[in-house]
>>> print(open('protein_25.cif').read())   # mmCIF, C-alpha atoms
data_structure
loop_
_atom_site.group_PDB
_atom_site.id
_atom_site.type_symbol
_atom_site.label_atom_id
_atom_site.label_comp_id
_atom_site.auth_asym_id
_atom_site.auth_seq_id
_atom_site.Cartn_x
_atom_site.Cartn_y
_atom_site.Cartn_z
ATOM 1 C CA MET F 574 -40.169 110.549 100.803
ATOM 2 C CA GLU F 575 -43.405 111.750 102.381
ATOM 3 C CA ASP F 576 -44.009 111.290 106.101
ATOM 4 C CA THR F 577 -47.014 109.041 105.529
ATOM 5 C CA ALA F 578 -44.872 106.683 103.447
ATOM 6 C CA ILE F 579 -42.192 106.612 106.158
ATOM 7 C CA ILE F 580 -44.815 105.846 108.792
ATOM 8 C CA ASP F 581 -46.205 103.083 106.567
ATOM 9 C CA LEU F 582 -42.690 101.603 106.458
ATOM 10 C CA TYR F 583 -42.591 101.614 110.261
ATOM 11 C CA TRP F 584 -45.973 99.876 110.344
ATOM 12 C CA ALA F 585 -44.687 97.294 107.855
ATOM 13 C CA ARG F 586 -41.653 96.833 110.160
ATOM 14 C CA SER F 587 -39.319 97.650 107.296
ATOM 15 C CA GLU F 588 -35.825 98.720 108.334
ATOM 16 C CA ARG F 589 -35.964 101.150 105.442
ATOM 17 C CA ALA F 590 -38.108 103.343 107.732
ATOM 18 C CA LEU F 591 -35.012 104.001 109.825
ATOM 19 C CA LEU F 592 -32.937 104.932 106.785
ATOM 20 C CA GLU F 593 -35.602 107.261 105.458
ATOM 21 C CA SER F 594 -36.058 108.869 108.873
ATOM 22 C CA GLU F 595 -32.305 109.440 109.111
ATOM 23 C CA ARG F 596 -32.164 110.821 105.588
ATOM 24 C CA LYS F 597 -35.058 113.233 106.048
ATOM 25 C CA TYR F 598 -34.736 114.223 109.710
ATOM 26 C CA GLY F 599 -31.206 113.302 110.784
ATOM 27 C CA ALA F 600 -29.785 116.829 110.527
ATOM 28 C CA PHE F 601 -32.842 118.298 112.254
ATOM 29 C CA CYS F 602 -32.552 115.875 115.187
ATOM 30 C CA LEU F 603 -28.777 116.326 115.410
ATOM 31 C CA THR F 604 -29.238 120.097 115.695
ATOM 32 C CA ILE F 605 -31.646 119.659 118.599
ATOM 33 C CA ALA F 606 -29.339 117.231 120.403
ATOM 34 C CA SER F 607 -26.231 119.350 119.740
ATOM 35 C CA ASN F 608 -27.893 122.454 121.175
ATOM 36 C CA ILE F 609 -28.508 120.591 124.441
ATOM 37 C CA LEU F 610 -25.392 118.440 124.700
ATOM 38 C CA SER F 611 -21.822 119.685 124.477
ATOM 39 C CA ALA F 612 -20.255 116.496 123.077
ATOM 40 C CA ARG F 613 -21.002 115.678 119.444
ATOM 41 C CA GLU F 614 -20.698 111.950 120.184
ATOM 42 C CA ASP F 615 -23.443 112.223 122.811
ATOM 43 C CA ALA F 616 -25.646 114.135 120.380
ATOM 44 C CA GLU F 617 -25.125 111.519 117.669
ATOM 45 C CA GLU F 618 -25.926 108.729 120.119
ATOM 46 C CA CYS F 619 -29.171 110.459 121.121
ATOM 47 C CA VAL F 620 -30.134 110.753 117.457
ATOM 48 C CA ASN F 621 -29.433 107.048 116.950
ATOM 49 C CA ASP F 622 -31.515 106.287 120.045
ATOM 50 C CA THR F 623 -34.285 108.390 118.510
ATOM 51 C CA TRP F 624 -34.630 105.931 115.636
ATOM 52 C CA LEU F 625 -34.884 103.030 118.096
ATOM 53 C CA ARG F 626 -37.540 104.838 120.149
ATOM 54 C CA ALA F 627 -39.484 105.647 116.980
ATOM 55 C CA TRP F 628 -39.211 101.996 115.902
ATOM 56 C CA ASN F 629 -40.647 100.896 119.255
ATOM 57 C CA ALA F 630 -43.402 103.528 119.277
ATOM 58 C CA ILE F 631 -44.628 103.074 115.687
ATOM 59 C CA PRO F 632 -46.886 101.078 115.701
ATOM 60 C CA PRO F 633 -49.140 101.599 117.609
ATOM 61 C CA ALA F 634 -48.579 105.342 117.223
ATOM 62 C CA ARG F 635 -49.242 107.062 113.917
ATOM 63 C CA PRO F 636 -47.611 110.447 114.624
ATOM 64 C CA SER F 637 -48.520 113.536 112.704
ATOM 65 C CA PRO F 638 -46.386 115.461 112.047
ATOM 66 C CA LEU F 639 -43.483 112.998 112.058
ATOM 67 C CA ARG F 640 -40.898 115.807 112.303
ATOM 68 C CA ALA F 641 -42.301 117.021 115.638
ATOM 69 C CA PHE F 642 -42.576 113.454 116.932
ATOM 70 C CA LEU F 643 -38.935 112.688 116.154
ATOM 71 C CA GLY F 644 -37.792 116.098 117.403
ATOM 72 C CA ARG F 645 -39.546 115.559 120.699
ATOM 73 C CA ILE F 646 -37.977 112.126 121.159
ATOM 74 C CA THR F 647 -34.528 113.560 120.415
ATOM 75 C CA ARG F 648 -35.059 116.478 122.770
ATOM 76 C CA ASN F 649 -36.227 114.249 125.628
ATOM 77 C CA LEU F 650 -33.350 111.803 125.152
ATOM 78 C CA SER F 651 -30.872 114.688 125.056
ATOM 79 C CA LEU F 652 -32.314 116.257 128.199
ATOM 80 C CA ASP F 653 -32.124 112.894 129.982
ATOM 81 C CA ARG F 654 -28.489 112.482 128.945
ATOM 82 C CA TYR F 655 -27.727 116.069 129.991
ATOM 83 C CA ARG F 656 -29.283 115.521 133.410
ATOM 84 C CA ALA F 657 -27.379 112.274 133.895
ATOM 85 C CA ALA F 658 -24.075 113.948 133.004
ATOM 86 C CA ARG F 659 -24.923 116.944 135.170
ATOM 87 C CA ALA F 660 -25.665 114.706 138.140
ATOM 88 C CA GLN F 661 -22.235 113.130 137.737
ATOM 89 C CA LYS F 662 -20.212 116.273 137.105
ATOM 90 C CA ARG F 663 -22.231 119.068 138.663
ATOM 91 C CA GLY F 664 -20.699 121.386 136.088
ATOM 92 C CA GLY F 665 -22.242 124.373 134.339
ATOM 93 C CA GLY F 666 -23.810 124.335 130.929
ATOM 94 C CA SER F 667 -25.892 126.269 128.451
ATOM 95 C CA LEU F 668 -29.022 124.283 129.315
ATOM 96 C CA GLU F 669 -28.797 125.619 132.862
ATOM 97 C CA VAL F 670 -28.952 129.144 131.466
ATOM 98 C CA LEU F 671 -32.119 128.292 129.500
ATOM 99 C CA LEU F 672 -33.761 126.659 132.495
ATOM 100 C CA ASP F 673 -32.831 129.577 134.746
ATOM 101 C CA GLU F 674 -34.328 132.036 132.261
ATOM 102 C CA LEU F 675 -37.613 130.144 132.110
ATOM 103 C CA GLY F 676 -37.588 129.213 135.794
ATOM 104 C CA GLN F 677 -38.790 132.628 136.846
ATOM 105 C CA CYS F 678 -41.988 132.430 134.820
ATOM 106 C CA LEU F 679 -42.886 128.724 135.032
ATOM 107 C CA PRO F 680 -44.243 126.706 137.952
ATOM 108 C CA ALA F 681 -41.855 124.437 139.814
ATOM 109 C CA GLY F 682 -43.820 121.223 139.245
ATOM 110 C CA GLU F 683 -42.280 119.589 142.315
ATOM 111 C CA SER F 684 -45.577 118.930 144.100
ATOM 112 C CA VAL F 685 -48.400 116.531 143.328
ATOM 113 C CA GLU F 686 -50.553 119.522 142.430
ATOM 114 C CA GLY F 687 -47.826 120.710 140.065
ATOM 115 C CA ALA F 688 -47.813 117.389 138.265
ATOM 116 C CA PHE F 689 -51.603 117.391 138.118
ATOM 117 C CA ASP F 690 -51.694 120.872 136.587
ATOM 118 C CA ALA F 691 -48.921 120.209 134.051
ATOM 119 C CA ARG F 692 -51.360 119.617 131.191
ATOM 120 C CA GLU F 693 -53.296 122.780 131.927
ATOM 121 C CA THR F 694 -50.047 124.722 132.080
ATOM 122 C CA ALA F 695 -48.995 123.253 128.742
ATOM 123 C CA ALA F 696 -52.325 124.291 127.236
ATOM 124 C CA VAL F 697 -51.888 127.858 128.530
ATOM 125 C CA ILE F 698 -48.371 128.008 127.070
ATOM 126 C CA SER F 699 -49.635 126.680 123.739
ATOM 127 C CA ARG F 700 -52.335 129.358 123.611
ATOM 128 C CA PHE F 701 -49.733 131.958 124.574
ATOM 129 C CA LEU F 702 -47.475 130.883 121.708
ATOM 130 C CA GLU F 703 -50.362 130.773 119.223
ATOM 131 C CA GLY F 704 -51.227 134.358 120.141
ATOM 132 C CA LEU F 705 -47.740 135.694 119.444
ATOM 133 C CA PRO F 706 -46.729 137.275 116.162
ATOM 134 C CA PRO F 707 -44.727 134.813 114.024
ATOM 135 C CA LEU F 708 -41.325 136.424 114.693
ATOM 136 C CA GLN F 709 -41.782 136.423 118.469
ATOM 137 C CA ARG F 710 -43.084 132.829 118.415
ATOM 138 C CA GLN F 711 -40.094 131.689 116.349
ATOM 139 C CA LEU F 712 -37.683 133.535 118.623
ATOM 140 C CA PHE F 713 -39.215 131.951 121.742
ATOM 141 C CA LEU F 714 -39.300 128.433 120.282
ATOM 142 C CA ARG F 715 -35.807 128.624 118.796
ATOM 143 C CA ARG F 716 -34.463 129.668 122.204
ATOM 144 C CA TYR F 717 -36.457 127.495 124.585
ATOM 145 C CA TRP F 718 -37.330 124.439 122.485
ATOM 146 C CA TYR F 719 -34.353 124.108 120.157
ATOM 147 C CA GLY F 720 -31.872 125.678 122.577
ATOM 148 C CA ASP F 721 -30.357 128.145 120.097
ATOM 149 C CA GLY F 722 -27.856 130.595 121.571
ATOM 150 C CA ILE F 723 -28.385 134.349 121.640
ATOM 151 C CA ASP F 724 -25.710 134.871 118.969
ATOM 152 C CA ALA F 725 -27.316 132.266 116.684
ATOM 153 C CA LEU F 726 -30.723 133.893 117.120
ATOM 154 C CA ALA F 727 -29.284 137.309 116.342
ATOM 155 C CA ARG F 728 -27.796 135.974 113.097
ATOM 156 C CA ARG F 729 -30.903 133.988 112.154
ATOM 157 C CA PHE F 730 -33.277 136.922 112.623
ATOM 158 C CA ALA F 731 -30.836 139.689 111.593
ATOM 159 C CA MET F 732 -31.048 141.377 115.001
ATOM 160 C CA ARG F 733 -28.539 142.680 117.503
ATOM 161 C CA GLU F 734 -27.840 140.409 120.469
ATOM 162 C CA GLY F 735 -29.146 143.048 122.865
ATOM 163 C CA THR F 736 -32.400 143.209 120.921
ATOM 164 C CA VAL F 737 -32.737 139.425 121.128
ATOM 165 C CA LYS F 738 -32.043 139.426 124.873
ATOM 166 C CA SER F 739 -34.532 142.189 125.616
ATOM 167 C CA GLY F 740 -37.145 140.603 123.344
ATOM 168 C CA LEU F 741 -36.800 137.282 125.128
ATOM 169 C CA PHE F 742 -37.011 139.014 128.498
ATOM 170 C CA ARG F 743 -40.253 140.727 127.467
ATOM 171 C CA LEU F 744 -41.660 137.420 126.184
ATOM 172 C CA ARG F 745 -40.840 135.674 129.467
ATOM 173 C CA GLU F 746 -42.497 138.473 131.416
ATOM 174 C CA LYS F 747 -45.553 138.305 129.174
ATOM 175 C CA LEU F 748 -45.719 134.521 129.671
ATOM 176 C CA ARG F 749 -45.421 134.969 133.439
ATOM 177 C CA ARG F 750 -48.334 137.443 133.420
ATOM 178 C CA VAL F 751 -50.465 135.125 131.274
ATOM 179 C CA LEU F 752 -49.769 132.197 133.601
ATOM 180 C CA GLU F 753 -50.655 134.304 136.638
ATOM 181 C CA GLU F 754 -53.894 135.484 134.981
ATOM 182 C CA GLU F 755 -54.799 131.861 134.237
ATOM 183 C CA GLY F 756 -54.239 130.956 137.885
ATOM 184 C CA VAL F 757 -51.085 128.903 137.395
ATOM 185 C CA ALA F 758 -49.080 128.993 140.623
ATOM 186 C CA LEU F 759 -45.541 130.141 139.947
#
>>> encode(input="protein_25.cif", output="structure tokens")
Amino acid sequence: MEDTAIIDLYWARSERALLESERKYGAFCLTIASNILSAREDAEECVNDTWLRAWNAIPPARPSPLRAFLGRITRNLSLDRYRAARAQKRGGGSLEVLLDELGQCLPAGESVEGAFDARETAAVISRFLEGLPPLQRQLFLRRYWYGDGIDALARRFAMREGTVKSGLFRLREKLRRVLEEEGVAL
């Protein structure tokens, strides 16, 4: 079923919208949640919560593309659940590795000024990603948006793990330089 038809089902308040969303994007959303959360049950619960959030957001929203809209909801729910579990356990996790990697080239965002500049920073990052060759953009997004591991990236792109690691390091450094040139305080 096409995205526009699924969105029309949401607007008509048809429960079939949830079934069609699950059918078309369930595996995609589960992958995002599973890459962030260690427990499959937690990932599945976040995906189920995604459908509820979509139900509550559509209408009035008419998202385009629907895949990105649902993926973003799943990612945010998964990050919230990860943070809640982390606050309780204070244990280590793969998300911490991702955040540490990006932490050296992104602003802290702890201050009022940081919150105010968040949109400008996002725009700079978007332009940065648009300017990358397709392979580098995919590598960066698969690592830092979808949370794919180094080994999974190496398999996906038929590269050695060391090549993936060094490529990601160079991309982070390039992003840091671009942010500095744009006047984003790091």
>>> atom_distance(input="protein_25.cif", atom1="CA of Ser651 (chain F)", atom2="CA of Asn621 (chain F)")
11.2 Å
>>> atom_distance(input="protein_25.cif", atom1="CA of Tyr717 (chain F)", atom2="CA of Glu755 (chain F)")
21.2 Å
>>> resolve_selection(input="protein_25.cif", expression="the PyMOL selection byres ((chain F and resi 604) around 10)", output="MDAnalysis selection string")
chainID F and resid 599:603 605:610 616:617 620 644 647:648 719:721
>>> resolve_selection(input="protein_25.cif", expression="the PyMOL selection byres ((chain F and resi 747) around 12)", output="MDAnalysis selection string")
chainID F and resid 675 677:679 698 701:702 704:705 709 713 740:746 748:754
>>> write_last_selection(input="protein_25.cif", atoms="C-alpha atoms", output="PDB file, keeping the file's coordinate frame")
ATOM      1  CA  LEU F 675     -37.613 130.144 132.110  1.00  0.00           C
ATOM      2  CA  GLN F 677     -38.790 132.628 136.846  1.00  0.00           C
ATOM      3  CA  CYS F 678     -41.988 132.430 134.820  1.00  0.00           C
ATOM      4  CA  LEU F 679     -42.886 128.724 135.032  1.00  0.00           C
ATOM      5  CA  ILE F 698     -48.371 128.008 127.070  1.00  0.00           C
ATOM      6  CA  PHE F 701     -49.733 131.958 124.574  1.00  0.00           C
ATOM      7  CA  LEU F 702     -47.475 130.883 121.708  1.00  0.00           C
ATOM      8  CA  GLY F 704     -51.227 134.358 120.141  1.00  0.00           C
ATOM      9  CA  LEU F 705     -47.740 135.694 119.444  1.00  0.00           C
ATOM     10  CA  GLN F 709     -41.782 136.423 118.469  1.00  0.00           C
ATOM     11  CA  PHE F 713     -39.215 131.951 121.742  1.00  0.00           C
ATOM     12  CA  GLY F 740     -37.145 140.603 123.344  1.00  0.00           C
ATOM     13  CA  LEU F 741     -36.800 137.282 125.128  1.00  0.00           C
ATOM     14  CA  PHE F 742     -37.011 139.014 128.498  1.00  0.00           C
ATOM     15  CA  ARG F 743     -40.253 140.727 127.467  1.00  0.00           C
ATOM     16  CA  LEU F 744     -41.660 137.420 126.184  1.00  0.00           C
ATOM     17  CA  ARG F 745     -40.840 135.674 129.467  1.00  0.00           C
ATOM     18  CA  GLU F 746     -42.497 138.473 131.416  1.00  0.00           C
ATOM     19  CA  LEU F 748     -45.719 134.521 129.671  1.00  0.00           C
ATOM     20  CA  ARG F 749     -45.421 134.969 133.439  1.00  0.00           C
ATOM     21  CA  ARG F 750     -48.334 137.443 133.420  1.00  0.00           C
ATOM     22  CA  VAL F 751     -50.465 135.125 131.274  1.00  0.00           C
ATOM     23  CA  LEU F 752     -49.769 132.197 133.601  1.00  0.00           C
ATOM     24  CA  GLU F 753     -50.655 134.304 136.638  1.00  0.00           C
ATOM     25  CA  GLU F 754     -53.894 135.484 134.981  1.00  0.00           C
TER      26      GLU F 754
END
>>> atom_distance(input="protein_25.cif", atom1="CA of Leu591 (chain F)", atom2="CA of Thr623 (chain F)")
9.8 Å
>>> closest_residue(input="protein_25.cif", among="F:Arg596, F:Arg733, F:Arg626, F:Arg589", to="Leu643 (chain F)", atoms="all atoms listed in the file")
F:Arg626
>>> resolve_selection(input="protein_25.cif", expression="the PyMOL selection byres ((chain F and resi 590) around 10)", output="ChimeraX atom specification")
/F:578-589,591-596,624,627-628
